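Colleague: So here's coords.txt (compact mmCIF, C-alpha atoms).
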# COMPACT_ATOMS: atom_id res chain seq x y z
CA MET A 1 88.35 110.12 70.88
CA GLN A 2 90.67 111.86 68.51
CA THR A 3 90.89 115.58 68.80
CA GLY A 4 91.40 115.87 65.07
CA ALA A 5 92.64 119.44 64.83
CA THR A 6 94.07 120.10 68.25
CA MET A 7 97.78 120.66 67.82
CA SER A 8 99.46 120.04 64.49
CA ALA A 9 99.24 120.63 60.76
CA ALA A 10 99.13 116.86 60.28
CA ALA A 11 96.04 116.66 62.46
CA LEU A 12 94.37 119.35 60.34
CA LEU A 13 94.81 117.43 57.10
CA PRO A 14 91.58 115.35 57.28
CA LEU A 15 89.64 118.54 58.00
CA ALA A 16 91.21 120.37 55.04
CA LEU A 17 90.47 117.52 52.65
CA LEU A 18 86.87 117.22 53.74
CA LEU A 19 86.27 120.91 53.33
CA LEU A 20 86.75 120.68 49.59
CA GLN A 21 83.23 119.42 48.95
CA PRO A 22 80.96 120.14 51.95
CA GLN A 23 77.23 119.60 51.74
CA GLU A 24 75.10 122.63 50.93
CA ARG A 25 73.42 122.77 54.33
CA GLU A 26 76.61 122.98 56.34
CA LYS A 27 79.06 124.75 54.03
CA ASP A 28 77.59 128.20 54.72
CA LEU A 29 77.80 127.88 58.51
CA ARG A 30 80.07 130.58 59.82
CA ARG A 31 83.11 129.34 61.68
CA GLY A 32 84.17 130.86 64.96
CA LYS A 33 82.09 133.42 66.85
CA TRP A 34 78.58 134.25 65.59
CA LYS A 35 76.57 137.42 65.62
CA PRO A 36 72.77 136.99 65.72
CA ARG A 37 72.53 137.39 61.93
CA ASP A 38 74.90 134.42 61.48
CA CYS A 39 72.49 132.00 63.19
CA PRO A 40 70.67 129.92 60.53
CA PRO A 41 67.13 128.48 60.84
CA GLY A 42 66.97 125.55 63.24
CA TRP A 43 69.92 126.79 65.29
CA THR A 44 70.13 128.77 68.52
CA ILE A 45 72.85 130.78 70.25
CA GLN A 46 73.25 130.61 74.01
CA GLU A 47 75.71 132.89 75.81
CA THR A 48 77.22 131.97 79.17
CA ARG A 49 80.06 133.34 81.28
CA SER A 50 82.66 131.31 79.38
CA TYR A 51 81.00 130.10 76.18
CA GLN A 52 79.06 131.01 73.11
CA VAL A 53 77.17 127.81 72.25
CA GLN A 54 75.87 127.46 68.69
CA SER A 55 73.47 124.54 68.73
CA GLU A 56 71.25 122.57 66.38
CA LEU A 57 69.72 120.76 69.37
CA SER A 58 66.66 121.86 71.34
CA PRO A 59 67.08 124.85 73.68
CA GLU A 60 66.49 122.56 76.67
CA THR A 61 69.21 120.08 75.68
CA THR A 62 71.54 122.93 74.78
CA ALA A 63 71.01 124.44 78.23
CA LEU A 64 71.95 121.09 79.79
CA ILE A 65 75.17 121.09 77.79
CA THR A 66 76.06 124.70 78.62
CA ASP A 67 75.42 124.15 82.34
CA HIS A 68 77.72 121.13 82.25
CA LEU A 69 80.49 123.02 80.44
CA GLU A 70 80.34 125.95 82.83
CA GLY A 71 80.63 123.49 85.70
CA MET A 72 83.60 121.83 84.03
CA MET A 73 85.23 125.23 83.58
CA LYS A 74 85.26 125.56 87.38
CA SER A 75 86.90 122.13 87.57
CA TYR A 76 89.58 123.10 85.02
CA GLU A 77 90.27 126.30 86.93
CA THR A 78 90.56 124.40 90.22
CA PHE A 79 92.99 121.91 88.70
CA ARG A 80 95.19 124.43 86.87
CA PRO A 81 94.25 128.05 87.49
CA PHE A 82 95.39 130.62 84.95
CA HIS A 83 95.04 134.36 84.91
CA LYS A 84 95.03 135.54 81.34
CA PRO A 85 92.34 137.51 79.46
CA ARG A 86 90.34 135.47 76.96
CA ASP A 87 87.37 135.74 74.70
CA LYS A 88 84.45 133.38 75.13
CA TYR A 89 85.08 129.85 73.95
CA ILE A 90 83.02 128.69 70.97
CA LEU A 91 81.07 125.42 70.93
CA LYS A 92 79.23 124.21 67.82
CA VAL A 93 76.78 121.29 68.34
CA PHE A 94 75.27 119.39 65.41
CA ALA A 95 72.10 117.33 65.73
CA SER A 96 73.47 114.40 63.72
CA ARG A 97 76.73 112.78 62.77
CA LYS A 98 75.89 113.41 59.10
CA HIS A 99 75.71 117.17 59.63
CA TYR A 100 78.91 116.99 61.69
CA LEU A 101 80.77 115.23 58.86
CA ASP A 102 79.26 117.50 56.19
CA TYR A 103 80.78 120.43 58.08
CA GLY A 104 84.20 118.91 57.39
CA SER A 105 84.88 117.19 60.70
CA PRO A 106 87.49 114.40 60.94
CA PRO A 107 85.62 111.15 60.16
CA GLY A 108 87.21 109.11 62.94
CA SER A 109 86.32 111.63 65.65
CA ALA A 110 83.43 112.10 68.08
CA ALA A 111 84.39 115.77 68.52
CA TYR A 112 87.38 117.99 67.89
CA TYR A 113 88.86 121.31 68.89
CA SER A 114 90.22 123.50 66.09
CA GLN A 115 92.90 125.73 67.55
CA GLY A 116 93.01 127.89 64.41
CA GLU A 117 89.27 128.59 64.39
CA LYS A 118 89.05 128.51 68.20
CA GLU A 119 85.93 126.37 68.17
CA LEU A 120 84.99 123.06 69.69
CA VAL A 121 82.78 121.05 67.31
CA CYS A 122 80.64 118.03 68.24
CA TYR A 123 77.36 116.22 67.55
CA ASP A 124 74.68 114.36 69.49
CA THR A 125 76.43 111.01 70.09
CA GLY A 126 73.15 109.36 71.11
CA LYS A 127 73.87 109.65 74.83
CA ILE A 128 73.77 112.88 76.83
CA GLY A 129 74.19 112.81 80.60
CA GLY A 130 73.74 109.04 80.67
CA LYS A 131 70.41 109.17 78.82
CA SER A 132 69.77 107.82 75.34
CA THR A 133 68.76 110.55 72.88
CA ARG A 134 68.55 108.56 69.63
CA ASP A 135 67.83 105.06 68.37
CA PRO A 136 70.53 102.80 69.93
CA LYS A 137 70.77 100.70 66.74
CA GLN A 138 71.52 103.84 64.72
CA VAL A 139 74.16 104.85 67.27
CA GLU A 140 75.78 101.40 67.11
CA GLU A 141 75.97 101.64 63.33
CA GLU A 142 77.60 105.08 63.60
CA VAL A 143 80.18 103.74 66.06
CA ARG A 144 81.05 100.87 63.71
CA LYS A 145 81.53 103.27 60.82
CA ARG A 146 83.54 105.73 62.90
CA LEU A 147 85.87 103.04 64.19
CA GLU A 148 85.85 101.07 60.91
CA THR A 149 85.03 97.88 62.78
CA GLU A 150 82.97 95.99 60.20
CA LYS A 151 85.79 93.49 59.73
CA PRO A 152 89.37 93.14 61.00
CA PRO A 153 92.22 94.43 58.83
CA ASP A 154 93.87 91.80 56.65
CA ASP A 155 97.12 92.21 58.58
CA ALA A 156 95.47 91.96 62.02
CA PRO A 157 97.07 89.36 64.34
CA ALA A 158 95.33 85.99 64.56
CA TRP A 159 94.02 86.54 68.07
CA ARG A 160 92.35 89.81 67.06
CA LYS A 161 90.64 88.18 64.07
CA GLU A 162 89.27 85.44 66.32
CA ALA A 163 88.15 87.93 68.97
CA TRP A 164 86.71 90.41 66.47
CA PRO A 165 82.97 89.76 67.16
CA ILE A 166 83.62 90.25 70.89
CA LEU A 167 85.63 93.41 70.29
CA GLN A 168 82.80 94.78 68.13
CA GLN A 169 80.30 94.22 70.94
CA LEU A 170 82.58 96.02 73.40
CA ARG A 171 83.11 98.98 71.08
CA THR A 172 79.46 99.45 70.21
CA ARG A 173 78.32 99.03 73.82
CA LEU A 174 80.86 101.59 75.00
CA SER A 175 79.47 104.55 73.08
CA HIS A 176 80.62 108.00 74.15
CA ASP A 177 78.46 110.29 76.26
CA LEU A 178 78.41 113.78 74.72
CA LEU A 179 78.96 115.45 78.09
CA GLY A 180 82.09 113.37 78.64
CA VAL A 181 83.31 114.11 75.13
CA LEU A 182 82.85 117.82 75.75
CA SER A 183 84.61 117.59 79.10
CA HIS A 184 87.61 116.09 77.27
CA GLU A 185 87.66 118.60 74.43
CA GLY A 186 86.81 121.49 76.74
CA TRP A 187 90.03 120.82 78.63
CA HIS A 188 92.00 121.10 75.37
CA GLN A 189 90.23 124.35 74.56
CA TYR A 190 90.93 125.78 78.03
CA PHE A 191 94.52 124.55 78.37
CA HIS A 192 95.76 125.31 74.86
CA HIS A 193 94.74 128.94 75.26
CA TYR A 194 97.53 129.24 77.84
CA ILE A 195 100.14 126.79 76.58
CA VAL A 196 101.21 128.57 73.41
CA SER A 197 104.32 126.84 72.13
CA GLN A 198 106.05 125.86 68.90
CA VAL A 199 106.93 122.60 70.68
CA GLY A 200 104.07 120.13 70.84
CA PHE A 201 102.79 119.37 74.33
CA PRO A 202 103.30 115.63 75.05
CA SER A 203 100.37 113.64 73.69
CA TRP A 204 100.23 111.10 76.53
CA LEU A 205 99.49 113.92 78.96
CA ASP A 206 97.51 116.14 76.59
CA GLU A 207 95.04 113.38 75.73
CA GLY A 208 95.38 111.73 79.12
CA LEU A 209 94.19 114.87 80.89
CA GLY A 210 91.33 115.21 78.43
CA ASP A 211 90.22 111.67 79.25
CA PHE A 212 90.71 112.31 82.97
CA PHE A 213 88.27 115.21 82.76
CA TYR A 214 85.84 113.04 80.76
CA ARG A 215 84.94 111.44 84.12
CA ALA A 216 85.61 114.39 86.43
CA ALA A 217 82.59 116.01 88.03
CA PRO A 218 81.60 119.60 87.24
CA ASP A 219 82.07 122.33 89.84
CA VAL A 220 85.04 120.72 91.60
CA ALA A 221 86.28 123.35 94.04
CA ASP A 222 88.70 121.21 96.09
CA ALA A 223 91.93 119.82 94.63
CA GLU A 224 91.60 116.74 96.85
CA ALA A 225 88.42 115.77 94.97
CA PHE A 226 90.45 114.88 91.89
CA ARG A 227 91.73 111.81 93.75
CA LYS A 228 88.17 110.43 93.55
CA VAL A 229 87.68 110.77 89.78
CA PRO A 230 86.57 107.31 88.57
CA PRO A 231 88.40 105.45 85.79
CA LEU A 232 87.27 105.82 82.17
CA ASP A 233 85.80 102.44 81.26
CA VAL A 234 85.65 103.11 77.50
CA ARG A 235 89.46 102.77 77.54
CA PHE A 236 89.58 99.42 79.39
CA PRO A 237 89.58 97.00 76.41
CA ALA A 238 92.33 98.72 74.40
CA LEU A 239 94.38 99.21 77.56
CA ARG A 240 94.14 95.69 78.97
CA LEU A 241 94.56 93.98 75.60
CA GLY A 242 97.33 96.37 74.57
CA LEU A 243 99.34 95.64 77.70
CA LEU A 244 98.87 91.87 77.35
CA SER A 245 99.85 91.84 73.68
CA GLY A 246 102.87 94.11 74.09
CA ARG A 247 101.41 97.00 72.07
CA THR A 248 101.81 99.54 74.88
CA ALA A 249 105.07 101.48 75.18
CA THR A 250 107.40 101.66 78.15
CA TRP A 251 107.02 104.81 80.22
CA LYS A 252 110.44 106.08 79.15
CA GLU A 253 109.40 105.71 75.51
CA ILE A 254 105.95 107.27 75.68
CA LEU A 255 107.13 110.29 77.69
CA ASP A 256 108.99 111.41 74.57
CA PHE A 257 106.45 110.37 71.93
CA THR A 258 105.66 112.81 69.15
CA GLN A 259 102.01 113.29 68.28
CA GLU A 260 102.60 111.36 65.05
CA LYS A 261 103.91 108.34 66.94
CA TYR A 262 101.08 108.55 69.46
CA TYR A 263 98.45 108.54 66.71
CA ALA A 264 100.15 105.61 64.93
CA ASP A 265 98.20 103.30 67.30
CA ALA A 266 95.65 105.73 68.66
CA GLN A 267 93.41 103.22 70.43
CA THR A 268 96.27 101.72 72.42
CA PHE A 269 98.12 104.93 73.22
CA TYR A 270 95.03 106.99 74.09
CA ALA A 271 94.19 104.24 76.56
CA GLN A 272 97.73 104.18 77.92
CA GLY A 273 97.93 107.96 78.19
CA TRP A 274 94.63 108.10 80.07
CA SER A 275 95.63 105.29 82.44
CA MET A 276 99.04 106.81 83.24
CA THR A 277 97.40 110.16 83.95
CA HIS A 278 94.66 108.65 86.11
CA TYR A 279 97.17 106.48 87.98
CA LEU A 280 99.41 109.45 88.81
CA LEU A 281 96.63 111.87 89.75
CA THR A 282 94.79 109.41 92.04
CA HIS A 283 97.90 107.84 93.60
CA PRO A 284 97.92 107.62 97.43
CA ASP A 285 101.35 109.30 97.63
CA PRO A 286 101.02 113.11 97.38
CA LYS A 287 104.52 113.32 95.88
CA VAL A 288 103.36 111.14 92.99
CA ARG A 289 100.16 113.17 92.61
CA ALA A 290 102.36 116.28 92.27
CA ILE A 291 104.17 114.97 89.16
CA ILE A 292 101.63 116.17 86.61
CA PRO A 293 100.93 119.60 88.18
CA ASN A 294 104.70 120.16 88.34
CA TYR A 295 105.04 119.11 84.70
CA LEU A 296 102.45 121.70 83.61
CA VAL A 297 104.23 124.49 85.49
CA VAL A 298 107.64 123.67 84.02
CA PHE A 299 106.36 123.20 80.47
CA LYS A 300 104.53 126.52 80.52
CA ASP A 301 107.83 128.19 81.44
CA LYS A 302 110.35 126.14 79.39
CA HIS A 303 108.30 124.75 76.45
CA ARG A 304 110.54 121.68 76.37
CA MET A 305 109.49 118.09 77.02
CA ASP A 306 112.95 116.94 78.12
CA LEU A 307 113.28 119.63 80.80
CA SER A 308 109.69 119.10 81.93
CA ASN A 309 110.18 115.33 82.21
CA ALA A 310 113.40 115.79 84.18
CA ALA A 311 111.86 118.28 86.59
CA ALA A 312 108.50 116.55 87.11
CA PHE A 313 109.92 113.04 87.62
CA ARG A 314 112.98 114.12 89.66
CA GLY A 315 113.32 111.90 92.72
CA HIS A 316 111.01 109.21 91.31
CA ASP A 317 111.96 105.79 90.00
CA ILE A 318 110.11 105.57 86.65
CA GLY A 319 110.57 101.79 86.62
CA LYS A 320 108.77 101.47 89.97
CA LEU A 321 106.02 103.83 88.81
CA GLU A 322 105.54 101.72 85.69
CA ALA A 323 105.38 98.52 87.73
CA GLY A 324 102.72 100.05 89.99
CA TRP A 325 100.80 101.21 86.93
CA LYS A 326 100.77 97.66 85.53
CA GLU A 327 99.26 96.40 88.79
CA TYR A 328 96.68 99.18 88.62
CA VAL A 329 95.76 98.23 85.02
CA ALA A 330 95.35 94.58 86.03
CA SER A 331 92.90 95.64 88.77
CA LEU A 332 90.53 97.58 86.48
CA ARG A 333 87.05 96.06 86.21
CA PHE A 334 83.80 97.02 84.50
CA ASP A 335 80.86 97.61 86.84
CA ASP A 336 78.63 95.98 84.21
CA PRO A 337 79.11 92.16 84.49
CA GLU A 338 78.24 91.64 80.80
CA LEU A 339 80.97 94.06 79.69
CA GLN A 340 83.43 92.45 82.11
CA SER A 341 82.58 89.02 80.69
CA LEU A 342 83.18 90.22 77.12
CA LEU A 343 86.56 91.67 78.08
CA GLU A 344 87.60 88.47 79.82
CA GLN A 345 86.58 86.43 76.76
CA ALA A 346 88.77 88.62 74.54
CA GLU A 347 91.65 88.34 77.02
CA ALA A 348 91.29 84.54 77.09
CA ILE A 349 91.58 84.39 73.30
CA LEU A 350 94.69 86.57 73.38
CA ILE A 351 96.29 84.52 76.16
CA LYS A 352 95.58 81.32 74.21
CA HIS A 353 97.47 82.74 71.23
CA LEU A 354 100.28 83.99 73.46
CA GLY A 355 100.69 80.47 74.81
CA GLY A 356 100.84 79.07 71.29
CA ASN A 357 103.76 81.11 69.98
CA GLY A 358 104.92 83.32 72.82
CA ASP A 359 103.78 86.51 71.09
CA GLY A 360 100.40 88.18 70.69
CA SER A 361 101.40 90.24 67.69
CA ARG A 362 100.85 87.60 65.00
Rewrite the structure of this file - the entire thing - as C-alpha cells.

Modeller:
Amino acid sequence: MQTGATMSAAALLPLALLLLQPQEREKDLRRGKWKPRDCPPGWTIQETRSYQVQSELSPETTALITDHLEGMMKSYETFRPFHKPRDKYILKVFASRKHYLDYGSPPGSAAYYSQGEKELVCYDTGKIGGKSTRDPKQVEEEVRKRLETEKPPDDAPAWRKEAWPILQQLRTRLSHDLLGVLSHEGWHQYFHHYIVSQVGFPSWLDEGLGDFFYRAAPDVADAEAFRKVPPLDVRFPALRLGLLSGRTATWKEILDFTQEKYYADAQTFYAQGWSMTHYLLTHPDPKVRAIIPNYLVVFKDKHRMDLSNAAAFRGHDIGKLEAGWKEYVASLRFDDPELQSLLEQAEAILIKHLGGNGDGSR
C-alpha cells in the first residue's frame, strides 16, 4: 500500500503528472476542506469529532467508515498521545477506482495521504469491514492492474517467472479491506501532523506503523492491548519470499534507508518494515516493546535518524533482535489453508532454484 504523497517531493511526482489531464467529472472536485456549496451531486459530507468525510458512497457505508476512523483515532491517541491544536482531518472517498484515478491519485496505490492538501484519499476497494461490496472478479482485475501482475518482468529471476501464476493468485486473493487501508493512512495523517521535520521520518517505521494499525482494533484504551494486534497477512508472501531470496535488508541497513531506497523494492521493504514493527511491538520483553515508543519521542525532539536509532536501540543487540525476527517470520502462517498452500508452493519453487545455483536472485 503505497502512501503516494506522504512525505517527499518524489512521492508527489505521480500525482502531479496525473493532474495534467483529469477527467471532467473529478477535475472540479475541491481539494481539502469543503463547505456545503462545494459538495457535488452524488456526494455527501459527514462531520465527526476528528474528521470531515467527503464521500461518494451511500450515507450508511460512509457512517460505517467514519465510526471506524473515530475509533482508530482513539487507538492512535492511546499509542502516542499528542497535545497540539488541529483542524479536522479530511477524508475523500470515491465509489470506484476509476474515479479515484481520474482525481489524479497515484496509480499503484490503494489510498494516499497528501500532506500538502491535508487530505486522505481512497476508494471502495471491494471489501469494507470484511464484507464484499463489489463484484469479486472486477476487484481481482483492479488488483492485477494496480500491481501490474499480468506477466512477470523480463528481468525477473527464473524462480519468480515459474511461480508467477501462484503469486498472481496470492495477490488477487489478498485484496485490501478499505477499513484497514484507512487505518494505515489515518495513522500517517495523525502522526505527520505532529512530526514536522525537514528530515524524513524513517520509512521502515513510518510504513511499518501504518501497517501495524491496519490490523489494530478501534477504540484501544489500554497500551497492553497492542501486544495482541494480529499479524498483517497481506504482507506474508513478499516477506517470506523476500527473506528466502535475500531481497530483504539487514536491520542495520534498513534503519538508515532513505524513502527512495525503501520504495526501490516496495513490496519487499513494506513487508519487512511491517514485520519488524510488529515483532518489536508484540515482543514478550517490555524493554524490546519500548524501542519504538522511545524512538518516536527522540525523533520528535531531535529530528535525526542517527540519534533516534542510537537512543532507541541503546542496550540492545541488533544482531540478536534480527535473529529473533527471522524466527518470527518463519513462524508466520495463513489461517486460510488454501492461501498457506499457495505460499508453500511458491516457497518450494524458490528453494528448488536456490538449490540449483545457490542464489534466488537469478

Colleague: So how far away is CA of Val121 (chain A) from CA of Tyr51 (chain A), in Å?

Modeller: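 So the two atoms, CA of Tyr51 (chain A) and CA of Val121 (chain A), lie 12.8 Å apart.
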
Colleague: Residues near region 304-320 of chain A, anyone? I mean within 6 Å using all atoms listed in the file, not counting same-chain ones fewer than 4 positions away, as an MDAnalysis selection string.

Modeller: chainID A and resid 291 294:295 298:299

Colleague: Enter the distance from CA of Phe212 (chain A) to CA of Pro165 (chain A), in Å, rounded to one decimal.

Modeller: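 That distance, rounded to one decimal, is 28.6 Å.
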
Colleague: Quick one: of A:Arg160, A:Lys118, A:Lys261, A:Lys228, who's nearest to Ser203 (chain A), counting only C-alpha atoms?

Modeller: A:Lys261

Colleague: Could you name the residues that touch region 62-66 of chain A at 8 Å or less, counting only C-alpha atoms, but leaving out those on the same chain fewer than 4 positions away, as a list in words?

Modeller: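 In the requested format, the answer is Gln46, Thr48, Tyr51, Val53, Ser55, Leu57, Ser58, Glu70 and Leu179 of chain A.
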
Colleague: Pro230 (chain A): which residues within 10 Å, counting only C-alpha atoms, same-chain residues fewer than 2 positions away excluded, as a list in words?

Modeller: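 Answer for this query is Phe212, Phe213, Tyr214, Arg215, Ala216, Ala217, Phe226, Arg227, Lys228, Leu232, Asp233, His278 and Thr282 of chain A.
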
Colleague: Could you tell me how far CA of Trp274 (chain A) sits from CA of Gln52 (chain A), in Å to one decimal place?

Modeller: 28.6 Å

Colleague: Put region 173-238 of chain A into a file with C-alpha atoms, as a CSV table (one decimal), in the first residue's frame.

Modeller:
chain,number,residue,atom,x,y,z
A,173,ARG,CA,-6.9,-13.2,-3.1
A,174,LEU,CA,-5.3,-10.9,-0.7
A,175,SER,CA,-7.2,-7.8,-1.6
A,176,HIS,CA,-7.1,-4.8,0.8
A,177,ASP,CA,-10.0,-4.1,3.1
A,178,LEU,CA,-10.9,-0.4,2.9
A,179,LEU,CA,-11.1,-0.1,6.7
A,180,GLY,CA,-7.6,-1.5,7.1
A,181,VAL,CA,-6.3,0.8,4.4
A,182,LEU,CA,-7.8,3.8,6.1
A,183,SER,CA,-6.4,2.7,9.5
A,184,HIS,CA,-2.9,2.7,7.8
A,185,GLU,CA,-3.3,6.0,6.1
A,186,GLY,CA,-5.1,7.5,9.1
A,187,TRP,CA,-2.0,6.9,11.2
A,188,HIS,CA,0.1,8.8,8.7
A,189,GLN,CA,-2.4,11.7,8.8
A,190,TYR,CA,-2.4,11.8,12.6
A,191,PHE,CA,1.3,11.3,13.1
A,192,HIS,CA,2.6,13.6,10.4
A,193,HIS,CA,0.6,16.5,11.9
A,194,TYR,CA,3.0,16.3,14.9
A,195,ILE,CA,6.2,15.2,13.4
A,196,VAL,CA,7.1,18.3,11.3
A,197,SER,CA,10.7,17.9,10.1
A,198,GLN,CA,12.9,18.7,7.1
A,199,VAL,CA,14.4,15.2,7.8
A,200,GLY,CA,12.4,12.3,6.5
A,201,PHE,CA,11.0,10.0,9.2
A,202,PRO,CA,12.4,6.5,8.6
A,203,SER,CA,10.3,4.6,6.1
A,204,TRP,CA,10.6,1.2,7.8
A,205,LEU,CA,8.9,2.6,10.9
A,206,ASP,CA,6.6,5.1,9.1
A,207,GLU,CA,5.1,2.5,6.9
A,208,GLY,CA,5.5,-0.3,9.5
A,209,LEU,CA,3.4,1.6,12.0
A,210,GLY,CA,0.8,2.2,9.3
A,211,ASP,CA,0.6,-1.5,8.6
A,212,PHE,CA,0.5,-2.3,12.3
A,213,PHE,CA,-2.6,-0.1,12.7
A,214,TYR,CA,-4.1,-1.8,9.6
A,215,ARG,CA,-4.9,-4.7,11.9
A,216,ALA,CA,-5.2,-2.9,15.2
A,217,ALA,CA,-8.7,-2.7,16.7
A,218,PRO,CA,-10.6,0.6,17.1
A,219,ASP,CA,-11.1,2.2,20.5
A,220,VAL,CA,-8.0,0.7,22.1
A,221,ALA,CA,-7.7,2.3,25.5
A,222,ASP,CA,-5.0,0.1,27.1
A,223,ALA,CA,-1.4,0.2,25.9
A,224,GLU,CA,-1.1,-3.5,26.7
A,225,ALA,CA,-3.7,-4.4,24.1
A,226,PHE,CA,-1.3,-3.5,21.3
A,227,ARG,CA,0.6,-6.7,22.2
A,228,LYS,CA,-2.4,-8.6,20.8
A,229,VAL,CA,-2.6,-7.0,17.4
A,230,PRO,CA,-2.6,-9.8,14.9
A,231,PRO,CA,-0.1,-10.0,12.0
A,232,LEU,CA,-0.9,-8.5,8.6
A,233,ASP,CA,-1.3,-11.5,6.3
A,234,VAL,CA,-1.3,-9.4,3.1
A,235,ARG,CA,2.4,-9.0,3.7
A,236,PHE,CA,3.3,-12.6,4.2
A,237,PRO,CA,4.2,-13.6,0.6
A,238,ALA,CA,6.6,-10.7,-0.1
